[in-house]
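Visitor: One file: entry_24.pdb (PDB, C-alpha atoms, pLDDT in the B column).
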```pdb
ATOM      1  CA  MET A   1      30.286  32.713  65.507  1.00 95.00           C
ATOM      2  CA  VAL A   2      28.753  35.083  63.003  1.00 98.00           C
ATOM      3  CA  LYS A   3      30.760  36.501  60.100  1.00 98.00           C
ATOM      4  CA  VAL A   4      30.364  40.200  59.339  1.00 98.00           C
ATOM      5  CA  GLU A   5      31.366  41.358  55.835  1.00 98.00           C
ATOM      6  CA  PHE A   6      31.948  44.961  54.817  1.00 98.00           C
ATOM      7  CA  LEU A   7      31.198  45.383  51.135  1.00 98.00           C
ATOM      8  CA  GLY A   8      32.451  47.855  48.527  1.00 97.00           C
ATOM      9  CA  PRO A   9      34.189  51.015  49.694  1.00 97.00           C
ATOM     10  CA  ILE A  10      34.156  50.260  53.435  1.00 97.00           C
ATOM     11  CA  GLY A  11      37.444  48.501  52.788  1.00 92.00           C
ATOM     12  CA  LYS A  12      37.518  46.470  55.980  1.00 95.00           C
ATOM     13  CA  LYS A  13      38.260  42.764  56.197  1.00 96.00           C
ATOM     14  CA  PRO A  14      35.490  40.439  57.444  1.00 97.00           C
ATOM     15  CA  ILE A  15      35.312  39.829  61.182  1.00 97.00           C
ATOM     16  CA  GLU A  16      33.871  36.987  63.234  1.00 97.00           C
ATOM     17  CA  ILE A  17      31.887  37.808  66.354  1.00 97.00           C
ATOM     18  CA  GLU A  18      29.667  36.106  68.918  1.00 97.00           C
ATOM     19  CA  ALA A  19      26.105  37.307  68.454  1.00 97.00           C
ATOM     20  CA  LYS A  20      22.699  35.657  68.733  1.00 97.00           C
ATOM     21  CA  THR A  21      20.689  38.438  67.120  1.00 97.00           C
ATOM     22  CA  LEU A  22      21.241  41.215  64.620  1.00 97.00           C
ATOM     23  CA  LYS A  23      20.690  43.681  67.453  1.00 97.00           C
ATOM     24  CA  GLU A  24      23.753  42.265  69.213  1.00 97.00           C
ATOM     25  CA  VAL A  25      25.729  42.722  65.997  1.00 97.00           C
ATOM     26  CA  ALA A  26      24.591  46.353  65.885  1.00 97.00           C
ATOM     27  CA  GLU A  27      25.714  46.879  69.489  1.00 96.00           C
ATOM     28  CA  ILE A  28      29.165  45.465  68.765  1.00 96.00           C
ATOM     29  CA  LEU A  29      29.633  47.437  65.534  1.00 96.00           C
ATOM     30  CA  ASN A  30      28.592  50.676  67.256  1.00 95.00           C
ATOM     31  CA  LYS A  31      31.611  50.291  69.569  1.00 94.00           C
ATOM     32  CA  ASP A  32      34.079  50.468  66.671  1.00 92.00           C
ATOM     33  CA  GLU A  33      34.728  54.087  65.666  1.00 91.00           C
ATOM     34  CA  GLU A  34      35.853  53.252  62.115  1.00 90.00           C
ATOM     35  CA  THR A  35      32.831  51.059  61.411  1.00 93.00           C
ATOM     36  CA  LYS A  36      30.368  53.248  63.248  1.00 94.00           C
ATOM     37  CA  LYS A  37      30.534  56.079  60.727  1.00 93.00           C
ATOM     38  CA  TRP A  38      29.186  53.759  58.027  1.00 97.00           C
ATOM     39  CA  LEU A  39      26.233  52.364  59.976  1.00 97.00           C
ATOM     40  CA  ALA A  40      23.678  55.081  59.176  1.00 96.00           C
ATOM     41  CA  GLU A  41      24.469  54.645  55.476  1.00 97.00           C
ATOM     42  CA  CYS A  42      24.462  50.894  55.158  1.00 98.00           C
ATOM     43  CA  ALA A  43      21.769  48.412  54.244  1.00 98.00           C
ATOM     44  CA  VAL A  44      22.116  44.995  55.859  1.00 98.00           C
ATOM     45  CA  ALA A  45      21.826  41.477  54.501  1.00 98.00           C
ATOM     46  CA  VAL A  46      21.771  38.220  56.446  1.00 98.00           C
ATOM     47  CA  ASN A  47      22.953  35.290  54.342  1.00 98.00           C
ATOM     48  CA  ASP A  48      22.567  37.476  51.228  1.00 97.00           C
ATOM     49  CA  LYS A  49      18.958  38.488  51.938  1.00 97.00           C
ATOM     50  CA  LEU A  50      18.307  42.162  52.734  1.00 96.00           C
ATOM     51  CA  VAL A  51      16.627  42.698  56.102  1.00 97.00           C
ATOM     52  CA  SER A  52      14.624  45.659  57.377  1.00 95.00           C
ATOM     53  CA  SER A  53      14.703  45.107  61.150  1.00 95.00           C
ATOM     54  CA  LEU A  54      17.155  44.141  63.859  1.00 96.00           C
ATOM     55  CA  ASP A  55      14.760  41.475  65.144  1.00 95.00           C
ATOM     56  CA  VAL A  56      16.601  38.704  63.359  1.00 97.00           C
ATOM     57  CA  GLU A  57      17.948  35.669  65.171  1.00 97.00           C
ATOM     58  CA  LEU A  58      21.353  34.488  64.068  1.00 98.00           C
ATOM     59  CA  ARG A  59      22.857  31.018  64.051  1.00 97.00           C
ATOM     60  CA  ASP A  60      26.402  29.822  64.121  1.00 97.00           C
ATOM     61  CA  GLY A  61      27.926  30.359  60.659  1.00 97.00           C
ATOM     62  CA  ASP A  62      25.465  33.042  59.529  1.00 98.00           C
ATOM     63  CA  ARG A  63      26.846  35.906  57.438  1.00 98.00           C
ATOM     64  CA  VAL A  64      25.883  39.527  57.966  1.00 98.00           C
ATOM     65  CA  SER A  65      26.804  41.910  55.119  1.00 98.00           C
ATOM     66  CA  LEU A  66      26.921  45.692  55.237  1.00 98.00           C
ATOM     67  CA  LEU A  67      26.067  47.394  51.935  1.00 98.00           C
ATOM     68  CA  PRO A  68      27.058  51.062  51.709  1.00 98.00           C
ATOM     69  CA  PRO A  69      25.375  53.514  49.278  1.00 98.00           C
ATOM     70  CA  VAL A  70      25.373  52.280  45.703  1.00 98.00           C
ATOM     71  CA  CYS A  71      25.865  53.800  42.271  1.00 96.00           C
ATOM     72  CA  GLY A  72      25.855  51.400  39.364  1.00 93.00           C
ATOM     73  CA  GLY A  73      26.010  52.273  35.695  1.00 92.00           C
TER      74      GLY A  73
ATOM     75  CA  MET B   1      14.611  33.822  35.337  1.00 49.00           C
ATOM     76  CA  SER B   2      17.400  32.664  33.163  1.00 57.00           C
ATOM     77  CA  LEU B   3      20.701  33.649  34.768  1.00 69.00           C
ATOM     78  CA  GLU B   4      22.225  34.150  31.328  1.00 84.00           C
ATOM     79  CA  PHE B   5      20.235  37.406  31.141  1.00 97.00           C
ATOM     80  CA  LEU B   6      22.478  38.998  33.775  1.00 98.00           C
ATOM     81  CA  GLU B   7      26.000  39.284  32.372  1.00 98.00           C
ATOM     82  CA  ILE B   8      29.003  40.432  34.381  1.00 98.00           C
ATOM     83  CA  TYR B   9      32.345  41.287  32.806  1.00 98.00           C
ATOM     84  CA  GLU B  10      35.707  42.389  34.077  1.00 98.00           C
ATOM     85  CA  GLY B  11      36.588  45.719  32.419  1.00 98.00           C
ATOM     86  CA  PRO B  12      34.664  47.582  29.685  1.00 98.00           C
ATOM     87  CA  LEU B  13      31.762  45.987  27.845  1.00 98.00           C
ATOM     88  CA  ASP B  14      32.020  45.021  24.195  1.00 98.00           C
ATOM     89  CA  VAL B  15      28.842  46.948  23.414  1.00 98.00           C
ATOM     90  CA  ASP B  16      28.567  46.012  19.727  1.00 98.00           C
ATOM     91  CA  LEU B  17      28.984  42.322  20.420  1.00 98.00           C
ATOM     92  CA  ILE B  18      26.486  42.261  23.280  1.00 98.00           C
ATOM     93  CA  PHE B  19      23.995  44.408  21.377  1.00 98.00           C
ATOM     94  CA  SER B  20      24.041  42.221  18.300  1.00 98.00           C
ATOM     95  CA  ARG B  21      23.698  39.048  20.365  1.00 98.00           C
ATOM     96  CA  TRP B  22      20.717  40.501  22.242  1.00 98.00           C
ATOM     97  CA  ARG B  23      19.139  41.791  19.028  1.00 98.00           C
ATOM     98  CA  LYS B  24      19.453  38.397  17.353  1.00 98.00           C
ATOM     99  CA  TRP B  25      17.930  36.719  20.422  1.00 98.00           C
ATOM    100  CA  GLY B  26      14.979  39.139  20.399  1.00 98.00           C
ATOM    101  CA  GLU B  27      14.367  38.560  16.705  1.00 97.00           C
ATOM    102  CA  ASP B  28      14.386  34.803  17.164  1.00 98.00           C
ATOM    103  CA  LYS B  29      11.880  35.154  20.031  1.00 97.00           C
ATOM    104  CA  ASN B  30       9.566  37.307  17.899  1.00 98.00           C
ATOM    105  CA  TYR B  31       9.674  40.401  20.123  1.00 98.00           C
ATOM    106  CA  GLY B  32       8.524  43.501  18.281  1.00 97.00           C
ATOM    107  CA  ALA B  33      10.237  45.974  20.620  1.00 98.00           C
ATOM    108  CA  PHE B  34      13.871  45.984  21.789  1.00 98.00           C
ATOM    109  CA  ILE B  35      14.771  49.048  23.878  1.00 98.00           C
ATOM    110  CA  THR B  36      18.334  49.501  25.122  1.00 98.00           C
ATOM    111  CA  PHE B  37      20.163  51.779  27.496  1.00 98.00           C
ATOM    112  CA  VAL B  38      23.955  52.043  27.303  1.00 98.00           C
ATOM    113  CA  GLY B  39      25.944  53.911  29.942  1.00 97.00           C
ATOM    114  CA  THR B  40      29.266  55.345  28.722  1.00 97.00           C
ATOM    115  CA  VAL B  41      32.011  56.778  30.939  1.00 98.00           C
ATOM    116  CA  ARG B  42      32.145  60.537  30.396  1.00 97.00           C
ATOM    117  CA  GLU B  43      35.194  62.744  30.607  1.00 96.00           C
ATOM    118  CA  GLU B  44      34.556  65.110  33.529  1.00 94.00           C
ATOM    119  CA  ASP B  45      36.219  66.339  36.689  1.00 93.00           C
ATOM    120  CA  SER B  46      39.671  65.148  35.520  1.00 95.00           C
ATOM    121  CA  ILE B  47      38.847  61.477  35.923  1.00 97.00           C
ATOM    122  CA  GLU B  48      40.782  58.847  33.994  1.00 97.00           C
ATOM    123  CA  GLY B  49      37.902  56.389  34.129  1.00 98.00           C
ATOM    124  CA  LEU B  50      35.545  54.673  36.538  1.00 98.00           C
ATOM    125  CA  SER B  51      35.934  51.522  38.545  1.00 98.00           C
ATOM    126  CA  PHE B  52      33.271  49.249  40.021  1.00 98.00           C
ATOM    127  CA  ASP B  53      32.770  46.666  42.738  1.00 98.00           C
ATOM    128  CA  LEU B  54      29.659  44.557  42.709  1.00 97.00           C
ATOM    129  CA  TYR B  55      28.142  41.966  45.000  1.00 97.00           C
ATOM    130  CA  GLU B  56      26.861  39.191  42.812  1.00 97.00           C
ATOM    131  CA  PRO B  57      24.541  37.222  45.163  1.00 97.00           C
ATOM    132  CA  ILE B  58      22.305  40.209  45.954  1.00 97.00           C
ATOM    133  CA  LEU B  59      22.623  41.620  42.441  1.00 97.00           C
ATOM    134  CA  THR B  60      21.328  38.300  41.126  1.00 97.00           C
ATOM    135  CA  ASP B  61      18.353  38.405  43.524  1.00 96.00           C
ATOM    136  CA  TRP B  62      17.563  41.989  42.592  1.00 96.00           C
ATOM    137  CA  PHE B  63      17.694  41.084  38.910  1.00 97.00           C
ATOM    138  CA  ALA B  64      15.553  37.967  39.437  1.00 96.00           C
ATOM    139  CA  GLY B  65      12.880  40.185  41.014  1.00 96.00           C
ATOM    140  CA  TRP B  66      12.875  42.403  37.942  1.00 97.00           C
ATOM    141  CA  SER B  67      12.743  39.437  35.574  1.00 97.00           C
ATOM    142  CA  GLN B  68       9.654  38.215  37.349  1.00 97.00           C
ATOM    143  CA  ARG B  69       8.067  41.665  37.304  1.00 97.00           C
ATOM    144  CA  ALA B  70       8.753  42.069  33.571  1.00 97.00           C
ATOM    145  CA  SER B  71       7.502  38.599  32.698  1.00 97.00           C
ATOM    146  CA  LYS B  72       4.089  39.403  34.184  1.00 97.00           C
ATOM    147  CA  GLU B  73       3.771  41.955  31.392  1.00 97.00           C
ATOM    148  CA  GLY B  74       5.124  39.629  28.721  1.00 97.00           C
ATOM    149  CA  ALA B  75       8.520  41.365  28.721  1.00 98.00           C
ATOM    150  CA  VAL B  76      12.120  40.271  29.285  1.00 98.00           C
ATOM    151  CA  VAL B  77      14.907  42.319  30.882  1.00 98.00           C
ATOM    152  CA  ARG B  78      18.578  41.779  30.119  1.00 98.00           C
ATOM    153  CA  MET B  79      21.558  43.502  31.620  1.00 98.00           C
ATOM    154  CA  ALA B  80      25.347  43.573  31.392  1.00 98.00           C
ATOM    155  CA  HIS B  81      27.659  45.326  33.853  1.00 98.00           C
ATOM    156  CA  SER B  82      31.376  45.692  34.412  1.00 98.00           C
ATOM    157  CA  PHE B  83      33.495  45.261  37.491  1.00 98.00           C
ATOM    158  CA  GLY B  84      37.014  46.647  37.789  1.00 98.00           C
ATOM    159  CA  ASP B  85      38.277  49.563  35.714  1.00 98.00           C
ATOM    160  CA  VAL B  86      36.484  51.085  32.720  1.00 98.00           C
ATOM    161  CA  PRO B  87      38.329  53.835  30.817  1.00 98.00           C
ATOM    162  CA  LEU B  88      36.809  57.041  29.420  1.00 98.00           C
ATOM    163  CA  HIS B  89      34.402  56.699  26.519  1.00 98.00           C
ATOM    164  CA  ARG B  90      33.908  52.991  27.070  1.00 98.00           C
ATOM    165  CA  SER B  91      30.780  51.416  28.560  1.00 98.00           C
ATOM    166  CA  SER B  92      30.152  49.828  31.930  1.00 98.00           C
ATOM    167  CA  TYR B  93      26.415  49.209  31.743  1.00 98.00           C
ATOM    168  CA  MET B  94      23.888  47.951  29.226  1.00 98.00           C
ATOM    169  CA  ALA B  95      20.234  47.250  29.907  1.00 98.00           C
ATOM    170  CA  ALA B  96      17.523  46.082  27.538  1.00 98.00           C
ATOM    171  CA  VAL B  97      13.858  45.293  27.593  1.00 98.00           C
ATOM    172  CA  PHE B  98      12.112  43.134  25.019  1.00 98.00           C
ATOM    173  CA  SER B  99       8.358  43.026  24.622  1.00 98.00           C
ATOM    174  CA  PRO B 100       5.814  42.271  21.913  1.00 97.00           C
ATOM    175  CA  LYS B 101       4.942  45.990  21.570  1.00 93.00           C
ATOM    176  CA  ARG B 102       6.796  49.200  22.394  1.00 96.00           C
ATOM    177  CA  ALA B 103       4.702  50.746  25.192  1.00 97.00           C
ATOM    178  CA  VAL B 104       5.521  48.160  27.847  1.00 97.00           C
ATOM    179  CA  ALA B 105       9.225  48.081  26.957  1.00 97.00           C
ATOM    180  CA  LEU B 106       9.553  51.873  27.016  1.00 98.00           C
ATOM    181  CA  ARG B 107       7.956  52.077  30.447  1.00 98.00           C
ATOM    182  CA  ILE B 108       9.876  49.155  31.958  1.00 98.00           C
ATOM    183  CA  ILE B 109      13.295  50.329  30.741  1.00 98.00           C
ATOM    184  CA  GLU B 110      12.900  53.580  32.651  1.00 97.00           C
ATOM    185  CA  GLU B 111      11.654  51.912  35.842  1.00 97.00           C
ATOM    186  CA  PHE B 112      14.335  49.240  35.582  1.00 98.00           C
ATOM    187  CA  VAL B 113      17.246  51.654  35.097  1.00 97.00           C
ATOM    188  CA  GLU B 114      16.021  53.966  37.888  1.00 96.00           C
ATOM    189  CA  ASP B 115      15.655  51.097  40.340  1.00 96.00           C
ATOM    190  CA  PHE B 116      19.037  49.790  39.243  1.00 97.00           C
ATOM    191  CA  LYS B 117      20.603  53.132  40.171  1.00 95.00           C
ATOM    192  CA  ALA B 118      18.861  53.126  43.542  1.00 94.00           C
ATOM    193  CA  ASN B 119      19.186  49.542  44.700  1.00 95.00           C
ATOM    194  CA  ALA B 120      21.566  47.331  42.700  1.00 97.00           C
ATOM    195  CA  PRO B 121      24.574  46.450  44.900  1.00 98.00           C
ATOM    196  CA  ILE B 122      27.257  48.086  42.762  1.00 98.00           C
ATOM    197  CA  TRP B 123      29.812  50.626  43.975  1.00 98.00           C
ATOM    198  CA  LYS B 124      31.392  53.254  41.769  1.00 98.00           C
ATOM    199  CA  TYR B 125      34.826  54.829  42.089  1.00 98.00           C
ATOM    200  CA  ASP B 126      36.404  57.649  40.105  1.00 98.00           C
ATOM    201  CA  ILE B 127      39.912  56.868  38.907  1.00 98.00           C
ATOM    202  CA  LYS B 128      42.122  59.863  39.597  1.00 97.00           C
ATOM    203  CA  LYS B 129      45.902  59.766  39.291  1.00 96.00           C
ATOM    204  CA  GLY B 130      45.607  56.001  39.068  1.00 95.00           C
ATOM    205  CA  LYS B 131      43.741  55.683  42.383  1.00 97.00           C
ATOM    206  CA  ARG B 132      40.139  54.676  43.106  1.00 97.00           C
ATOM    207  CA  VAL B 133      38.073  57.317  44.901  1.00 98.00           C
ATOM    208  CA  TYR B 134      34.611  56.206  46.111  1.00 98.00           C
ATOM    209  CA  ALA B 135      31.919  58.300  44.393  1.00 97.00           C
ATOM    210  CA  SER B 136      30.089  58.891  47.679  1.00 96.00           C
ATOM    211  CA  ASP B 137      28.383  62.102  46.527  1.00 95.00           C
ATOM    212  CA  ARG B 138      26.683  60.272  43.620  1.00 95.00           C
ATOM    213  CA  SER B 139      25.764  57.171  45.605  1.00 97.00           C
ATOM    214  CA  HIS B 140      22.362  56.281  47.050  1.00 95.00           C
ATOM    215  CA  LYS B 141      21.466  54.505  50.243  1.00 97.00           C
ATOM    216  CA  ILE B 142      19.744  51.202  49.559  1.00 96.00           C
ATOM    217  CA  GLU B 143      16.127  51.069  50.709  1.00 92.00           C
ATOM    218  CA  GLY B 144      16.042  50.243  54.432  1.00 92.00           C
ATOM    219  CA  ALA B 145      19.593  51.465  55.128  1.00 96.00           C
ATOM    220  CA  GLY B 146      20.569  52.567  58.630  1.00 96.00           C
ATOM    221  CA  ILE B 147      19.064  49.879  60.864  1.00 96.00           C
ATOM    222  CA  LEU B 148      22.416  49.172  62.539  1.00 96.00           C
ATOM    223  CA  ASP B 149      22.747  52.781  63.642  1.00 95.00           C
ATOM    224  CA  ILE B 150      21.069  52.159  66.983  1.00 89.00           C
ATOM    225  CA  GLU B 151      22.511  55.231  68.677  1.00 78.00           C
ATOM    226  CA  ARG B 152      20.661  57.566  66.352  1.00 71.00           C
ATOM    227  CA  GLY B 153      17.532  55.546  66.937  1.00 58.00           C
ATOM    228  CA  SER B 154      17.012  54.983  63.256  1.00 46.00           C
ATOM    229  CA  ARG B 155      15.283  51.666  63.826  1.00 43.00           C
TER     230      ARG B 155
END
```
For this file, produce the structure as structure tokens.

Guide:
Amino acid sequence: MVKVEFLGPIGKKPIEIEAKTLKEVAEILNKDEETKKWLAECAVAVNDKLVSSLDVELRDGDRVSLLPPVCGG
Amino acid sequence: MSLEFLEIYEGPLDVDLIFSRWRKWGEDKNYGAFITFVGTVREEDSIEGLSFDLYEPILTDWFAGWSQRASKEGAVVRMAHSFGDVPLHRSSYMAAVFSPKRAVALRIIEEFVEDFKANAPIWKYDIKKGKRVYASDRSHKIEGAGILDIERGSR
């Protein structure tokens, strides 16, 4: 299982899903209408490292985090 | 990087205390230039204050990258930020650069604060009638955002 976390204003509790790659995570998240509207806006981290491609293999226990647009200060 | 250079506080920053501690540190380390930026919550658009969420693991990585970048030029960056609510006219953000001479510090503080605005994993909310409202119109997508949006082909 892979844990997906929705940070900041997304306001959704973490979910656990079966996925072997980040692309599979993307496919699952695109099926959820509430989550889907955030996807174009969000950066993605796997185990707290930002990634720039969906070609990432995932292992059991990995964490995928969605980071919506930021505004510190 | 020394992790003590990234400080996170719940609620408003005690600017005077942090400033004087940083100044003393810079004096002891013989830095000739100490440039600060302090962000204060302004009264506008009927807000009662601002509120913040932050994600510490990635914030720490982002800050570590900047520490390394600054150290290559003989400089040190320090930063303090709030999470939770910060009322009007109090401060949520302080940044500082120390360097032997002013030119490097003046340049780095601008680059550092701009990159902070663009990429540090911190989310801002207006407080209106006691509720948090995500400041989406002032927020910026982090570099590389949108890869999960496979239907729009944004890979």

Visitor: May I ask which of the residues A:Val4, A:Leu66, A:Ile17, A:Leu58 is the closest one to Leu39 of chain A, counting all atoms listed in the file?

Guide: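 Looking at the shortest contact to Leu39 of chain A, the residue is A:Leu66.
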
Visitor: What are the nearest atom pairs, with distances in Å to one decimal, for all residues of chain A that come at most 12 Å from segment 76-83 of chain B, using all atoms listed in the file, set out by chain and rising residue number as a Markdown table?

Guide:
```
| residue | atom | partner | partner_atom | distance |
| --- | --- | --- | --- | --- |
| A:Gly8 | CA | B:Phe83 | CA | 11.4 |
| A:Gly72 | CA | B:His81 | CA | 8.4 |
| A:Gly73 | CA | B:His81 | CA | 7.4 |
```

Visitor: Which of these residues is nearest to chain B, using only C-alpha atoms: A:Ile28, A:Pro69, A:Lys37, A:Val46?

Guide: A:Pro69

Visitor: Give me the residues of chain A that have any atom at most 9 Å from an atom of chain B; for each, the nearest atom pair and the distance in Å, rounded to one decimal. Use only C-alpha atoms, sort by chain and number, and format it as a tab-separated table.

Guide:
```
residue	atom	partner	partner_atom	distance
A:Leu7	CA	B:Tyr55	CA	7.7
A:Gly8	CA	B:Asp53	CA	5.9
A:Pro9	CA	B:Tyr134	CA	6.3
A:Leu22	CA	B:Leu148	CA	8.3
A:Lys23	CA	B:Leu148	CA	7.6
A:Val25	CA	B:Leu148	CA	8.0
A:Ala26	CA	B:Leu148	CA	4.9
A:Glu27	CA	B:Ile150	CA	7.5
A:Leu29	CA	B:Leu148	CA	8.0
A:Asn30	CA	B:Asp149	CA	7.2
A:Lys36	CA	B:Asp149	CA	7.6
A:Lys37	CA	B:Asp149	CA	8.9
A:Trp38	CA	B:Asp149	CA	8.6
A:Leu39	CA	B:Asp149	CA	5.1
A:Ala40	CA	B:Gly146	CA	4.0
A:Glu41	CA	B:Gly146	CA	5.4
A:Cys42	CA	B:Ala145	CA	4.9
A:Ala43	CA	B:Ala145	CA	3.9
A:Val44	CA	B:Ala145	CA	7.0
A:Ala45	CA	B:Ile58	CA	8.7
A:Asp48	CA	B:Ile58	CA	5.9
A:Lys49	CA	B:Ile58	CA	7.1
A:Leu50	CA	B:Ile58	CA	8.1
A:Val51	CA	B:Gly144	CA	7.7
A:Ser52	CA	B:Gly144	CA	5.6
A:Ser53	CA	B:Ile147	CA	6.5
A:Leu54	CA	B:Ile147	CA	6.7
A:Leu67	CA	B:Pro121	CA	7.3
A:Pro68	CA	B:Lys141	CA	6.7
A:Pro69	CA	B:Lys141	CA	4.1
A:Val70	CA	B:Ser139	CA	4.9
A:Cys71	CA	B:Ser139	CA	4.7
A:Gly72	CA	B:Ile122	CA	4.9
A:Gly73	CA	B:Tyr93	CA	5.0
```

Visitor: Scan for residues within 12 Å of the point (15.1, 53.6, 25.3) in the coordinates of the file, using all atoms listed in the file, and reply as a list in words.

Guide: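 I get Ala33, Phe34, Ile35, Thr36, Phe37, Val38, Gly39, Met94, Ala95, Ala96, Val97, Phe98, Arg102, Ala103, Val104, Ala105, Leu106, Arg107, Ile108, Ile109, Glu110, Glu111, Phe112 and Val113 of chain B for the residues within 12 Å of that point.
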
Visitor: Store the residues picked out above, limited to C-alpha atoms, as a short mmCIF file (atom, residue, chain, number, x, y, z; two decimals), in the frame of the given file.

Guide:
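out-v7.cif, freshly written:
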```cif
data_model
loop_
_atom_site.label_atom_id
_atom_site.label_comp_id
_atom_site.auth_asym_id
_atom_site.auth_seq_id
_atom_site.Cartn_x
_atom_site.Cartn_y
_atom_site.Cartn_z
CA ALA B 33 10.24 45.97 20.62
CA PHE B 34 13.87 45.98 21.79
CA ILE B 35 14.77 49.05 23.88
CA THR B 36 18.33 49.50 25.12
CA PHE B 37 20.16 51.78 27.50
CA VAL B 38 23.96 52.04 27.30
CA GLY B 39 25.94 53.91 29.94
CA MET B 94 23.89 47.95 29.23
CA ALA B 95 20.23 47.25 29.91
CA ALA B 96 17.52 46.08 27.54
CA VAL B 97 13.86 45.29 27.59
CA PHE B 98 12.11 43.13 25.02
CA ARG B 102 6.80 49.20 22.39
CA ALA B 103 4.70 50.75 25.19
CA VAL B 104 5.52 48.16 27.85
CA ALA B 105 9.22 48.08 26.96
CA LEU B 106 9.55 51.87 27.02
CA ARG B 107 7.96 52.08 30.45
CA ILE B 108 9.88 49.16 31.96
CA ILE B 109 13.30 50.33 30.74
CA GLU B 110 12.90 53.58 32.65
CA GLU B 111 11.65 51.91 35.84
CA PHE B 112 14.34 49.24 35.58
CA VAL B 113 17.25 51.65 35.10
#
```

Visitor: Identify, on the basis of all atoms listed in the file, every residue whose closest approach to segment 28-30 of chain B does not exceed 10 Å; exclude the query and any residue fewer than 6 positions from it along the same chain; express the result as a list in words.

Guide: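 Close residues of segment 28-30 of chain B: Trp22, Phe98, Ser99 and Pro100 of chain B.
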
Visitor: Calculate how many Å separate atom CA of Arg63 of chain A from atom CA of Phe5 of chain B, rounding to one decimal.

Guide: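 Atom CA of Phe5 of chain B lies at a distance of 27.2 Å from atom CA of Arg63 of chain A.
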
Visitor: I'd like the interatomic distance between atom CA of Thr21 of chain A and atom CA of Thr35 of chain A, to a tenth of an Å.

Guide: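 We find that atom CA of Thr21 of chain A and atom CA of Thr35 of chain A lie 18.4 Å from each other.
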
Visitor: Using the chain letters and numbering of this document, enumerate as a list in words the residues selected by the PyMOL selection byres ((chain A and resi 2) around 6).

Guide: Met1, Lys3, Glu16, Ile17, Asp60, Gly61, Asp62 and Arg63 of chain A

Visitor: Atoms are missing here; could segment 28-40 of chain B be completed with N, CA and C atoms and written as a PDB file, in the coordinates of the input?

Guide:
```
ATOM      1  N   ASP B  28      14.748  36.229  17.166  1.00 98.00           N
ATOM      2  CA  ASP B  28      14.386  34.803  17.164  1.00 98.00           C
ATOM      3  C   ASP B  28      13.158  34.530  18.037  1.00 98.00           C
ATOM      4  N   LYS B  29      13.012  35.359  19.108  1.00 97.00           N
ATOM      5  CA  LYS B  29      11.880  35.154  20.031  1.00 97.00           C
ATOM      6  C   LYS B  29      10.635  35.930  19.597  1.00 97.00           C
ATOM      7  N   ASN B  30      10.731  36.615  18.472  1.00 98.00           N
ATOM      8  CA  ASN B  30       9.566  37.307  17.899  1.00 98.00           C
ATOM      9  C   ASN B  30       9.113  38.541  18.716  1.00 98.00           C
ATOM     10  N   TYR B  31      10.044  39.169  19.428  1.00 98.00           N
ATOM     11  CA  TYR B  31       9.674  40.401  20.123  1.00 98.00           C
ATOM     12  C   TYR B  31       9.673  41.563  19.128  1.00 98.00           C
ATOM     13  N   GLY B  32       8.636  42.371  19.205  1.00 97.00           N
ATOM     14  CA  GLY B  32       8.524  43.501  18.281  1.00 97.00           C
ATOM     15  C   GLY B  32       9.290  44.728  18.755  1.00 97.00           C
ATOM     16  N   ALA B  33       9.546  44.802  20.074  1.00 98.00           N
ATOM     17  CA  ALA B  33      10.237  45.974  20.620  1.00 98.00           C
ATOM     18  C   ALA B  33      11.491  45.544  21.377  1.00 98.00           C
ATOM     19  N   PHE B  34      12.576  46.249  21.130  1.00 98.00           N
ATOM     20  CA  PHE B  34      13.871  45.984  21.789  1.00 98.00           C
ATOM     21  C   PHE B  34      14.434  47.361  22.139  1.00 98.00           C
ATOM     22  N   ILE B  35      14.333  47.725  23.428  1.00 98.00           N
ATOM     23  CA  ILE B  35      14.771  49.048  23.878  1.00 98.00           C
ATOM     24  C   ILE B  35      16.041  48.877  24.700  1.00 98.00           C
ATOM     25  N   THR B  36      17.070  49.643  24.378  1.00 98.00           N
ATOM     26  CA  THR B  36      18.334  49.501  25.122  1.00 98.00           C
ATOM     27  C   THR B  36      18.719  50.811  25.807  1.00 98.00           C
ATOM     28  N   PHE B  37      19.487  50.642  26.871  1.00 98.00           N
ATOM     29  CA  PHE B  37      20.163  51.779  27.496  1.00 98.00           C
ATOM     30  C   PHE B  37      21.637  51.391  27.609  1.00 98.00           C
ATOM     31  N   VAL B  38      22.510  52.292  27.189  1.00 98.00           N
ATOM     32  CA  VAL B  38      23.955  52.043  27.303  1.00 98.00           C
ATOM     33  C   VAL B  38      24.573  53.198  28.069  1.00 98.00           C
ATOM     34  N   GLY B  39      25.275  52.887  29.146  1.00 97.00           N
ATOM     35  CA  GLY B  39      25.944  53.911  29.942  1.00 97.00           C
ATOM     36  C   GLY B  39      27.423  53.968  29.567  1.00 97.00           C
ATOM     37  N   THR B  40      27.882  55.160  29.163  1.00 97.00           N
ATOM     38  CA  THR B  40      29.266  55.345  28.722  1.00 97.00           C
ATOM     39  C   THR B  40      29.998  56.279  29.689  1.00 97.00           C
TER      40      THR B  40
END
```
